[in-house]
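> Have a peek at coords-v1.cif (mmCIF, C-alpha atoms).
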data_final
loop_
_atom_site.group_PDB
_atom_site.id
_atom_site.type_symbol
_atom_site.label_atom_id
_atom_site.label_comp_id
_atom_site.auth_asym_id
_atom_site.auth_seq_id
_atom_site.Cartn_x
_atom_site.Cartn_y
_atom_site.Cartn_z
ATOM 1 C CA MET A 140 64.409 55.783 69.524
ATOM 2 C CA ALA A 141 66.127 53.670 72.178
ATOM 3 C CA LYS A 142 66.389 56.709 74.439
ATOM 4 C CA ASN A 143 62.650 57.391 74.127
ATOM 5 C CA ILE A 144 61.894 53.755 74.978
ATOM 6 C CA LYS A 145 64.088 53.978 78.083
ATOM 7 C CA ILE A 146 62.359 57.196 79.178
ATOM 8 C CA ALA A 147 58.907 55.677 78.632
ATOM 9 C CA ALA A 148 59.878 52.521 80.528
ATOM 10 C CA GLY A 149 61.304 54.534 83.410
ATOM 11 C CA ALA A 150 58.197 56.699 83.575
ATOM 12 C CA GLY A 151 55.993 53.601 83.546
ATOM 13 C CA VAL A 152 57.886 51.993 86.433
ATOM 14 C CA PHE A 153 57.790 55.251 88.410
ATOM 15 C CA LEU A 154 54.022 55.634 87.927
ATOM 16 C CA PHE A 155 53.391 52.014 88.878
ATOM 17 C CA MET A 156 55.441 52.420 92.043
ATOM 18 C CA ILE A 157 53.821 55.610 93.342
ATOM 19 C CA LEU A 158 50.265 54.787 92.235
ATOM 20 C CA ALA A 159 50.120 51.097 93.173
ATOM 21 C CA VAL A 160 53.095 49.722 95.096
ATOM 22 C CA VAL A 161 53.715 52.566 97.569
ATOM 23 C CA PRO A 162 50.097 52.982 98.785
ATOM 24 C CA TRP A 163 49.665 49.192 99.003
ATOM 25 C CA LEU A 164 52.795 48.854 101.157
ATOM 26 C CA LEU A 165 51.805 51.746 103.431
ATOM 27 C CA ILE A 166 48.313 50.368 103.977
ATOM 28 C CA LYS A 167 49.670 46.835 104.532
ATOM 29 C CA THR A 168 52.150 48.060 107.157
ATOM 30 C CA GLY A 169 49.723 50.511 108.757
ATOM 31 C CA ARG A 170 51.968 53.518 108.071
ATOM 32 C CA GLY A 171 49.279 56.131 107.533
ATOM 33 C CA ASP A 172 51.591 58.773 108.963
ATOM 34 C CA LEU A 173 54.140 58.136 106.213
ATOM 35 C CA MET A 174 51.361 58.392 103.620
ATOM 36 C CA SER A 175 50.610 61.894 104.930
ATOM 37 C CA VAL A 176 54.294 62.786 104.639
ATOM 38 C CA LEU A 177 54.427 61.619 101.016
ATOM 39 C CA THR A 178 51.234 63.568 100.286
ATOM 40 C CA SER A 179 52.921 66.723 101.581
ATOM 41 C CA VAL A 180 56.050 65.971 99.543
ATOM 42 C CA ALA A 181 54.017 65.603 96.338
ATOM 43 C CA LEU A 182 52.091 68.800 96.994
ATOM 44 C CA LEU A 183 55.104 70.892 97.985
ATOM 45 C CA SER A 184 56.998 69.688 94.909
ATOM 46 C CA VAL A 185 54.168 71.064 92.738
ATOM 47 C CA ILE A 186 54.470 74.478 94.388
ATOM 48 C CA SER A 187 58.282 74.315 94.124
ATOM 49 C CA SER A 188 58.090 73.535 90.409
ATOM 50 C CA GLY A 189 56.753 77.054 89.905
ATOM 51 C CA VAL A 190 59.842 78.454 91.620
ATOM 52 C CA TRP A 191 62.003 76.294 89.353
ATOM 53 C CA LEU A 192 60.309 77.794 86.295
ATOM 54 C CA THR A 193 61.255 81.322 87.357
ATOM 55 C CA PHE A 194 64.830 80.113 87.823
ATOM 56 C CA PHE A 195 64.571 78.776 84.286
ATOM 57 C CA ILE A 196 64.129 82.341 82.970
ATOM 58 C CA GLY A 197 66.951 83.651 85.144
ATOM 59 C CA ARG A 198 65.002 85.021 88.133
ATOM 60 C CA ILE A 199 65.397 84.114 91.825
ATOM 61 C CA ASN A 200 61.875 83.733 93.204
ATOM 62 C CA ILE A 201 61.481 83.793 97.008
ATOM 63 C CA GLY A 202 57.801 84.754 96.980
ATOM 64 C CA GLN A 203 55.995 81.546 96.041
ATOM 65 C CA GLY A 204 54.486 81.320 99.513
ATOM 66 C CA ALA A 205 52.400 84.411 98.726
ATOM 67 C CA TYR A 206 50.646 82.709 95.809
ATOM 68 C CA ALA A 207 50.184 79.455 97.724
ATOM 69 C CA LEU A 208 48.495 81.482 100.472
ATOM 70 C CA MET A 209 46.333 83.321 97.941
ATOM 71 C CA GLY A 210 45.273 80.084 96.279
ATOM 72 C CA GLY A 211 44.426 78.481 99.593
ATOM 73 C CA TYR A 212 42.245 81.407 100.618
ATOM 74 C CA VAL A 213 40.497 81.666 97.251
ATOM 75 C CA SER A 214 39.549 77.986 97.371
ATOM 76 C CA ALA A 215 38.533 78.089 101.046
ATOM 77 C CA ILE A 216 36.357 81.198 100.589
ATOM 78 C CA LEU A 217 34.599 79.770 97.529
ATOM 79 C CA VAL A 218 33.973 76.405 99.207
ATOM 80 C CA VAL A 219 32.983 77.585 102.698
ATOM 81 C CA LYS A 220 31.220 80.889 102.011
ATOM 82 C CA TYR A 221 29.731 80.323 98.559
ATOM 83 C CA GLY A 222 29.328 76.551 98.386
ATOM 84 C CA VAL A 223 31.368 76.111 95.204
ATOM 85 C CA LEU A 224 32.500 72.554 94.466
ATOM 86 C CA PHE A 225 36.151 72.127 95.430
ATOM 87 C CA TRP A 226 37.177 70.842 91.993
ATOM 88 C CA TRP A 227 35.992 74.089 90.387
ATOM 89 C CA THR A 228 37.991 76.134 92.880
ATOM 90 C CA LEU A 229 41.299 74.538 91.802
ATOM 91 C CA PRO A 230 41.535 76.241 88.383
ATOM 92 C CA LEU A 231 39.888 79.385 89.789
ATOM 93 C CA ALA A 232 42.513 79.646 92.544
ATOM 94 C CA GLY A 233 45.287 79.140 90.003
ATOM 95 C CA LEU A 234 43.850 81.713 87.583
ATOM 96 C CA PHE A 235 43.376 84.256 90.379
ATOM 97 C CA CYS A 236 47.045 83.878 91.355
ATOM 98 C CA ALA A 237 48.150 84.038 87.715
ATOM 99 C CA ALA A 238 46.170 87.272 87.194
ATOM 100 C CA ALA A 239 47.642 88.759 90.372
ATOM 101 C CA SER A 240 51.142 87.752 89.280
ATOM 102 C CA VAL A 241 50.705 89.516 85.936
ATOM 103 C CA LEU A 242 49.836 92.769 87.700
ATOM 104 C CA ILE A 243 52.722 92.330 90.129
ATOM 105 C CA GLY A 244 55.157 90.959 87.567
ATOM 106 C CA LEU A 245 54.836 93.690 84.946
ATOM 107 C CA PRO A 246 56.911 96.151 87.011
ATOM 108 C CA ILE A 247 59.111 93.831 89.113
ATOM 109 C CA LEU A 248 60.201 91.432 86.347
ATOM 110 C CA ARG A 249 62.339 94.212 84.941
ATOM 111 C CA LEU A 250 64.551 93.706 88.000
ATOM 112 C CA ARG A 251 67.286 91.095 88.088
ATOM 113 C CA GLY A 252 69.375 89.158 90.555
ATOM 114 C CA VAL A 253 69.185 90.104 94.207
ATOM 115 C CA TYR A 254 66.850 93.042 93.489
ATOM 116 C CA PHE A 255 64.117 90.782 92.111
ATOM 117 C CA ALA A 256 64.735 88.267 94.908
ATOM 118 C CA MET A 257 64.310 90.905 97.623
ATOM 119 C CA VAL A 258 61.073 92.212 96.128
ATOM 120 C CA THR A 259 59.584 88.723 95.887
ATOM 121 C CA LEU A 260 60.704 88.018 99.443
ATOM 122 C CA THR A 261 58.421 90.802 100.681
ATOM 123 C CA LEU A 262 55.424 89.436 98.739
ATOM 124 C CA THR A 263 54.847 86.587 101.192
ATOM 125 C CA GLU A 264 54.783 88.987 104.129
ATOM 126 C CA VAL A 265 52.461 91.362 102.269
ATOM 127 C CA ALA A 266 50.094 88.470 101.504
ATOM 128 C CA ARG A 267 50.130 87.420 105.163
ATOM 129 C CA LEU A 268 49.338 90.941 106.367
ATOM 130 C CA LEU A 269 46.512 91.285 103.823
ATOM 131 C CA ALA A 270 45.007 87.959 104.907
ATOM 132 C CA GLN A 271 45.219 89.117 108.501
ATOM 133 C CA ALA A 272 43.570 92.466 107.794
ATOM 134 C CA LEU A 273 40.753 91.592 105.360
ATOM 135 C CA SER A 274 37.317 90.648 106.691
ATOM 136 C CA ILE A 275 36.580 88.140 103.917
ATOM 137 C CA THR A 276 39.500 86.013 105.138
ATOM 138 C CA ASN A 277 38.273 86.159 108.771
ATOM 139 C CA GLY A 278 41.454 87.950 109.750
ATOM 140 C CA PRO A 279 43.757 86.165 112.237
ATOM 141 C CA ARG A 280 41.079 83.516 112.897
ATOM 142 C CA GLY A 281 41.475 82.173 109.374
ATOM 143 C CA ILE A 282 39.010 79.814 107.742
ATOM 144 C CA THR A 283 38.370 76.474 109.432
ATOM 145 C CA ASN A 284 36.121 73.444 108.975
ATOM 146 C CA ILE A 285 36.700 73.321 105.232
ATOM 147 C CA PRO A 286 34.686 70.306 104.014
ATOM 148 C CA PRO A 287 36.447 67.476 102.130
ATOM 149 C CA PRO A 288 36.203 67.580 98.312
ATOM 150 C CA GLY A 289 32.820 66.451 97.040
ATOM 151 C CA GLY A 290 32.164 63.871 94.369
ATOM 152 C CA VAL A 291 31.915 64.426 90.618
ATOM 153 C CA GLU A 292 29.425 62.487 88.503
ATOM 154 C CA PHE A 293 28.821 62.434 84.776
ATOM 155 C CA PHE A 294 25.557 60.900 83.517
ATOM 156 C CA GLY A 295 25.316 58.821 86.667
ATOM 157 C CA LEU A 296 28.919 57.632 86.412
ATOM 158 C CA THR A 297 31.120 58.553 89.393
ATOM 159 C CA LEU A 298 34.306 60.128 88.071
ATOM 160 C CA ILE A 299 35.607 61.301 91.468
ATOM 161 C CA PRO A 300 34.204 59.876 94.724
ATOM 162 C CA ASP A 301 32.998 62.063 97.575
ATOM 163 C CA PHE A 302 35.987 62.284 99.912
ATOM 164 C CA ALA A 303 33.674 62.543 102.938
ATOM 165 C CA GLU A 304 32.470 58.989 102.222
ATOM 166 C CA LEU A 305 35.917 57.444 101.765
ATOM 167 C CA GLU A 306 36.988 54.822 104.295
ATOM 168 C CA ASN A 307 40.603 55.972 104.001
ATOM 169 C CA LEU A 308 40.678 59.750 103.631
ATOM 170 C CA ARG A 309 44.478 59.801 103.731
ATOM 171 C CA LEU A 310 44.617 57.529 100.700
ATOM 172 C CA GLY A 311 42.217 59.808 98.816
ATOM 173 C CA PHE A 312 44.354 62.862 99.479
ATOM 174 C CA TYR A 313 47.509 60.890 98.627
ATOM 175 C CA TYR A 314 46.138 60.086 95.182
ATOM 176 C CA LEU A 315 44.956 63.673 94.720
ATOM 177 C CA ALA A 316 48.415 65.094 95.490
ATOM 178 C CA VAL A 317 50.297 62.451 93.483
ATOM 179 C CA VAL A 318 48.095 62.767 90.382
ATOM 180 C CA LEU A 319 48.460 66.557 90.570
ATOM 181 C CA MET A 320 52.241 66.138 90.817
ATOM 182 C CA ILE A 321 52.310 63.804 87.804
ATOM 183 C CA LEU A 322 50.257 66.210 85.678
ATOM 184 C CA CYS A 323 52.358 69.168 86.805
ATOM 185 C CA PHE A 324 55.757 67.668 85.998
ATOM 186 C CA ALA A 325 54.552 66.109 82.745
ATOM 187 C CA ALA A 326 53.379 69.565 81.654
ATOM 188 C CA MET A 327 56.638 71.160 82.845
ATOM 189 C CA TRP A 328 58.732 68.622 80.946
ATOM 190 C CA ARG A 329 56.693 69.232 77.807
ATOM 191 C CA LEU A 330 56.982 73.008 78.233
ATOM 192 C CA VAL A 331 60.741 72.964 78.745
ATOM 193 C CA ASN A 332 61.275 70.768 75.681
ATOM 194 C CA SER A 333 59.027 72.861 73.441
ATOM 195 C CA ARG A 334 59.873 75.912 71.339
ATOM 196 C CA LEU A 335 58.602 78.105 74.165
ATOM 197 C CA GLY A 336 60.979 76.355 76.542
ATOM 198 C CA PHE A 337 63.972 77.019 74.315
ATOM 199 C CA LEU A 338 62.994 80.696 74.124
ATOM 200 C CA CYS A 339 62.744 80.839 77.925
ATOM 201 C CA ARG A 340 66.187 79.251 78.181
ATOM 202 C CA SER A 341 67.550 82.072 76.033
ATOM 203 C CA LEU A 342 66.465 84.559 78.735
ATOM 204 C CA GLN A 343 68.545 82.655 81.259
ATOM 205 C CA GLN A 344 71.598 82.877 79.027
ATOM 206 C CA ASN A 345 71.476 86.450 77.727
ATOM 207 C CA GLU A 346 68.347 88.620 77.628
ATOM 208 C CA GLU A 347 69.916 91.361 75.520
ATOM 209 C CA LEU A 348 71.054 88.906 72.864
ATOM 210 C CA ALA A 349 67.648 87.204 72.850
ATOM 211 C CA SER A 350 65.909 90.560 72.447
ATOM 212 C CA SER A 351 68.239 91.551 69.597
ATOM 213 C CA ILE A 352 67.127 88.536 67.523
ATOM 214 C CA GLY A 353 63.428 89.261 68.000
ATOM 215 C CA VAL A 354 62.484 87.354 71.156
ATOM 216 C CA ASN A 355 59.717 89.125 73.103
ATOM 217 C CA ILE A 356 61.454 88.885 76.468
ATOM 218 C CA GLY A 357 58.829 90.918 78.346
ATOM 219 C CA TYR A 358 56.029 88.572 77.263
ATOM 220 C CA LEU A 359 58.035 85.447 78.135
ATOM 221 C CA ARG A 360 58.959 86.749 81.586
ATOM 222 C CA VAL A 361 55.351 87.538 82.475
ATOM 223 C CA LEU A 362 54.078 84.256 81.007
ATOM 224 C CA ALA A 363 56.582 82.149 82.951
ATOM 225 C CA TYR A 364 55.839 84.044 86.165
ATOM 226 C CA ALA A 365 52.085 83.592 85.634
ATOM 227 C CA ILE A 366 52.497 79.823 85.138
ATOM 228 C CA SER A 367 54.671 79.702 88.250
ATOM 229 C CA SER A 368 52.034 81.520 90.295
ATOM 230 C CA PHE A 369 49.256 79.336 88.859
ATOM 231 C CA LEU A 370 51.038 76.248 90.198
ATOM 232 C CA GLY A 371 51.505 77.922 93.570
ATOM 233 C CA GLY A 372 47.812 78.802 93.748
ATOM 234 C CA VAL A 373 46.642 75.290 92.844
ATOM 235 C CA GLY A 374 49.049 73.756 95.361
ATOM 236 C CA GLY A 375 47.848 76.114 98.084
ATOM 237 C CA ALA A 376 44.207 75.268 97.331
ATOM 238 C CA VAL A 377 44.832 71.527 97.690
ATOM 239 C CA PHE A 378 46.851 72.108 100.868
ATOM 240 C CA ALA A 379 43.945 74.011 102.435
ATOM 241 C CA ALA A 380 41.583 71.161 101.524
ATOM 242 C CA ILE A 381 43.880 68.560 103.080
ATOM 243 C CA VAL A 382 44.363 70.339 106.428
ATOM 244 C CA GLN A 383 40.744 71.629 106.251
ATOM 245 C CA SER A 384 41.814 75.086 107.398
ATOM 246 C CA ILE A 385 43.959 78.031 106.397
ATOM 247 C CA TYR A 386 45.419 80.912 108.376
ATOM 248 C CA PRO A 387 47.517 83.984 107.483
ATOM 249 C CA ALA A 388 50.564 82.179 108.895
ATOM 250 C CA THR A 389 50.018 78.972 106.886
ATOM 251 C CA PHE A 390 52.617 80.045 104.307
ATOM 252 C CA GLN A 391 55.322 82.367 105.595
ATOM 253 C CA ILE A 392 58.728 83.567 104.432
ATOM 254 C CA GLN A 393 60.307 80.342 105.723
ATOM 255 C CA GLU A 394 58.137 78.293 103.370
ATOM 256 C CA SER A 395 59.097 80.516 100.426
ATOM 257 C CA VAL A 396 62.771 79.988 101.244
ATOM 258 C CA ASN A 397 62.191 76.230 101.496
ATOM 259 C CA PHE A 398 60.572 76.153 98.048
ATOM 260 C CA MET A 399 63.744 77.717 96.695
ATOM 261 C CA LEU A 400 65.981 75.265 98.584
ATOM 262 C CA TYR A 401 64.060 72.295 97.165
ATOM 263 C CA CYS A 402 64.967 73.509 93.668
ATOM 264 C CA PHE A 403 68.625 74.119 94.558
ATOM 265 C CA LEU A 404 69.077 70.710 96.132
ATOM 266 C CA GLY A 405 67.348 68.758 93.363
ATOM 267 C CA GLY A 406 69.116 70.654 90.588
ATOM 268 C CA LEU A 407 68.240 73.852 88.721
ATOM 269 C CA SER A 408 69.202 72.253 85.398
ATOM 270 C CA TYR A 409 66.673 69.442 85.718
ATOM 271 C CA VAL A 410 62.886 69.575 85.401
ATOM 272 C CA PHE A 411 62.445 66.935 88.100
ATOM 273 C CA GLY A 412 64.861 68.661 90.467
ATOM 274 C CA PRO A 413 62.105 70.145 92.680
ATOM 275 C CA MET A 414 60.542 66.695 93.109
ATOM 276 C CA LEU A 415 63.740 65.053 94.341
ATOM 277 C CA GLY A 416 64.798 68.083 96.376
ATOM 278 C CA THR A 417 61.458 68.203 98.187
ATOM 279 C CA LEU A 418 61.588 64.482 98.960
ATOM 280 C CA VAL A 419 65.122 64.609 100.383
ATOM 281 C CA LEU A 420 64.778 67.832 102.375
ATOM 282 C CA TYR A 421 61.278 67.252 103.737
ATOM 283 C CA MET A 422 61.848 63.635 104.748
ATOM 284 C CA GLY A 423 65.387 64.362 105.905
ATOM 285 C CA TRP A 424 64.093 66.957 108.356
ATOM 286 C CA ASP A 425 61.574 64.443 109.743
ATOM 287 C CA LEU A 426 64.169 61.680 110.052
ATOM 288 C CA LEU A 427 66.430 63.982 112.084
ATOM 289 C CA PHE A 428 63.641 64.766 114.550
ATOM 290 C CA LYS A 429 64.991 62.228 117.051
ATOM 291 C CA THR A 430 68.302 64.093 117.292
ATOM 292 C CA GLY A 431 66.525 66.770 119.332
ATOM 293 C CA ALA A 432 68.539 69.962 119.817
ATOM 294 C CA TYR A 433 71.046 68.856 117.157
ATOM 295 C CA GLN A 434 68.391 68.535 114.437
ATOM 296 C CA LEU A 435 68.923 71.957 112.870
ATOM 297 C CA LEU A 436 72.726 71.747 113.179
ATOM 298 C CA ILE A 437 72.939 68.353 111.436
ATOM 299 C CA PHE A 438 70.376 69.349 108.831
ATOM 300 C CA SER A 439 72.043 72.638 107.881
ATOM 301 C CA SER A 440 75.552 71.116 107.912
ATOM 302 C CA THR A 441 74.440 68.301 105.613
ATOM 303 C CA LEU A 442 72.786 70.792 103.296
ATOM 304 C CA ILE A 443 75.965 72.918 103.107
ATOM 305 C CA VAL A 444 78.087 69.851 102.306
ATOM 306 C CA LEU A 445 75.687 68.768 99.553
ATOM 307 C CA ILE A 446 75.727 72.234 97.993
ATOM 308 C CA LEU A 447 79.546 72.373 98.156
ATOM 309 C CA PHE A 448 80.119 68.990 96.535
ATOM 310 C CA LEU A 449 77.058 68.946 94.268
ATOM 311 C CA PRO A 450 76.543 72.591 93.236
ATOM 312 C CA ASN A 451 74.297 71.477 90.356
ATOM 313 C CA GLY A 452 72.014 69.456 92.624
ATOM 314 C CA LEU A 453 71.487 65.795 93.441
ATOM 315 C CA LEU A 454 70.444 64.957 89.889
ATOM 316 C CA SER A 455 73.930 65.917 88.688
ATOM 317 C CA LEU A 456 75.343 62.982 90.642
ATOM 318 C CA ARG A 457 76.775 60.442 88.219
ATOM 319 C CA LEU A 458 75.833 56.933 89.305
ATOM 320 C CA PRO A 459 77.106 53.719 87.649
ATOM 321 C CA TRP A 460 73.828 53.240 85.716
ATOM 322 C CA ARG A 461 73.705 56.885 84.611
ATOM 323 C CA LYS A 462 75.830 57.565 81.533
#
Translate this structure into structure tokens?


Amino acid sequence: MAKNIKIAAGAGVFLFMILAVVPWLLIKTGRGDLMSVLTSVALLSVISSGVWLTFFIGRINIGQGAYALMGGYVSAILVVKYGVLFWWTLPLAGLFCAAASVLIGLPILRLRGVYFAMVTLTLTEVARLLAQALSITNGPRGITNIPPPGGVEFFGLTLIPDFAELENLRLGFYYLAVVLMILCFAAMWRLVNSRLGFLCRSLQQNEELASSIGVNIGYLRVLAYAISSFLGGVGGAVFAAIVQSIYPATFQIQESVNFMLYCFLGGLSYVFGPMLGTLVLYMGWDLLFKTGAYQLLIFSSTLIVLILFLPNGLLSLRLPWRK
């Protein structure tokens, strides 16, 4: 009981900070650029959470960039070419990516270790080449001038304002990314601590043993991969709306590798690992910008040291108030 109260109190403080205190401070200090950075962190952590879920079932996923690219294009095409309201394109982009992942995952999820990782690594490049070759995606020109998300009304009551009419568009996108992140990680935490989560954990430990006691390992692998791809698609759709454009090179192999690194750094044993890993890596790279030619050297050296001394991620660090 006491533990649940502490978790609820911690969650309440966290929500109050990111929904009220942080935006108020950024607006007060005129740091709109930092608000954009935090928006990117929230959005990238959502995409990375899908990669974490595939790690949770014992698979190394280096292809999340492919589904983020797919989701971005699905949303952009529906909004620009067919006039669909942006908010409808979010679930549609996620479902499209989930359906594609089922077709792709049925054969490749039988692979393990480096073999699965190498196959997923090629997915991002395949998605880029397809986006560059297809006419519906406008080829190398991509899709530009994507309008901001429109408003949503219900019986005359405005549920979501029209982003085009907002005085502070950055603040609108900040709240969009942060609310999406909150919903994503709340759902992930609930999933991991459910019966389905315990079954998925059994795949990470020993698939043969899990199968011998009646666990449908094929179904669980495909389901987890579909959820992972759904999150990638939704994240890609929001990203396209924020930058108001998408190109075949928007998500490349480097981004897929970064999504994996965010999970490693935060901690593969912790649901909120991708969130912390994204914050530290993304902001750390920006903070080192002033070091010029030494930026990559310092960044990579620091990352190696962290992995050596904290192989289970930053969340495994035992601080005085963590017992």

> Please, what distance in Å, to one decimal, runs between atom CA of A:Ala303 and atom CA of A:Tyr386?

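Computed distance, atom CA of A:Ala303 to atom CA of A:Tyr386, equals 22.5 Å.
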
> Go through stretch 188-255 of chain A and flag each residue having an atom no more than 12 Å from stretch 306-324 of chain A; for those, report the closest pair of atoms plus their distance in Å to one decimal, using all atoms listed in the file, ordered by chain and rising number, as a tab-separated table.


residue	atom	partner	partner_atom	distance
A:Ser188	CA	A:Phe324	CA	7.7
A:Gly189	CA	A:Cys323	CA	9.5
A:Trp191	CA	A:Phe324	CA	11.2
A:Leu192	CA	A:Phe324	CA	11.1
A:Trp226	CA	A:Leu315	CA	10.9
A:Leu229	CA	A:Leu319	CA	10.8

> Give as a PyMOL selection string the set of residues within 12 Å of the point (49.8, 90.3, 102.5), where distances use the file's coordinates and only C-alpha atoms.

chain A and resi 202+204-209+212+259-273+276+278+386-388+390-392

> With distances taken over only C-alpha atoms, which of A:Leu164, A:Ile186, A:Ile196, A:Met399 is nearest to A:Leu342?

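Under the stated criterion, the closest residue is A:Ile196.
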
> Take atom CA of A:Met174 and atom CA of A:Ile446 and report the distance between them in Å, one decimal.

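Distance between the two atoms: 28.6 Å.
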
> Smallest atom-to-atom distance to A:Ile282: which of A:Gly211, A:Gly252, A:Gly371, A:Gly452, using all atoms listed in the file?

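Looking at the shortest contact to A:Ile282, the residue is A:Gly211.
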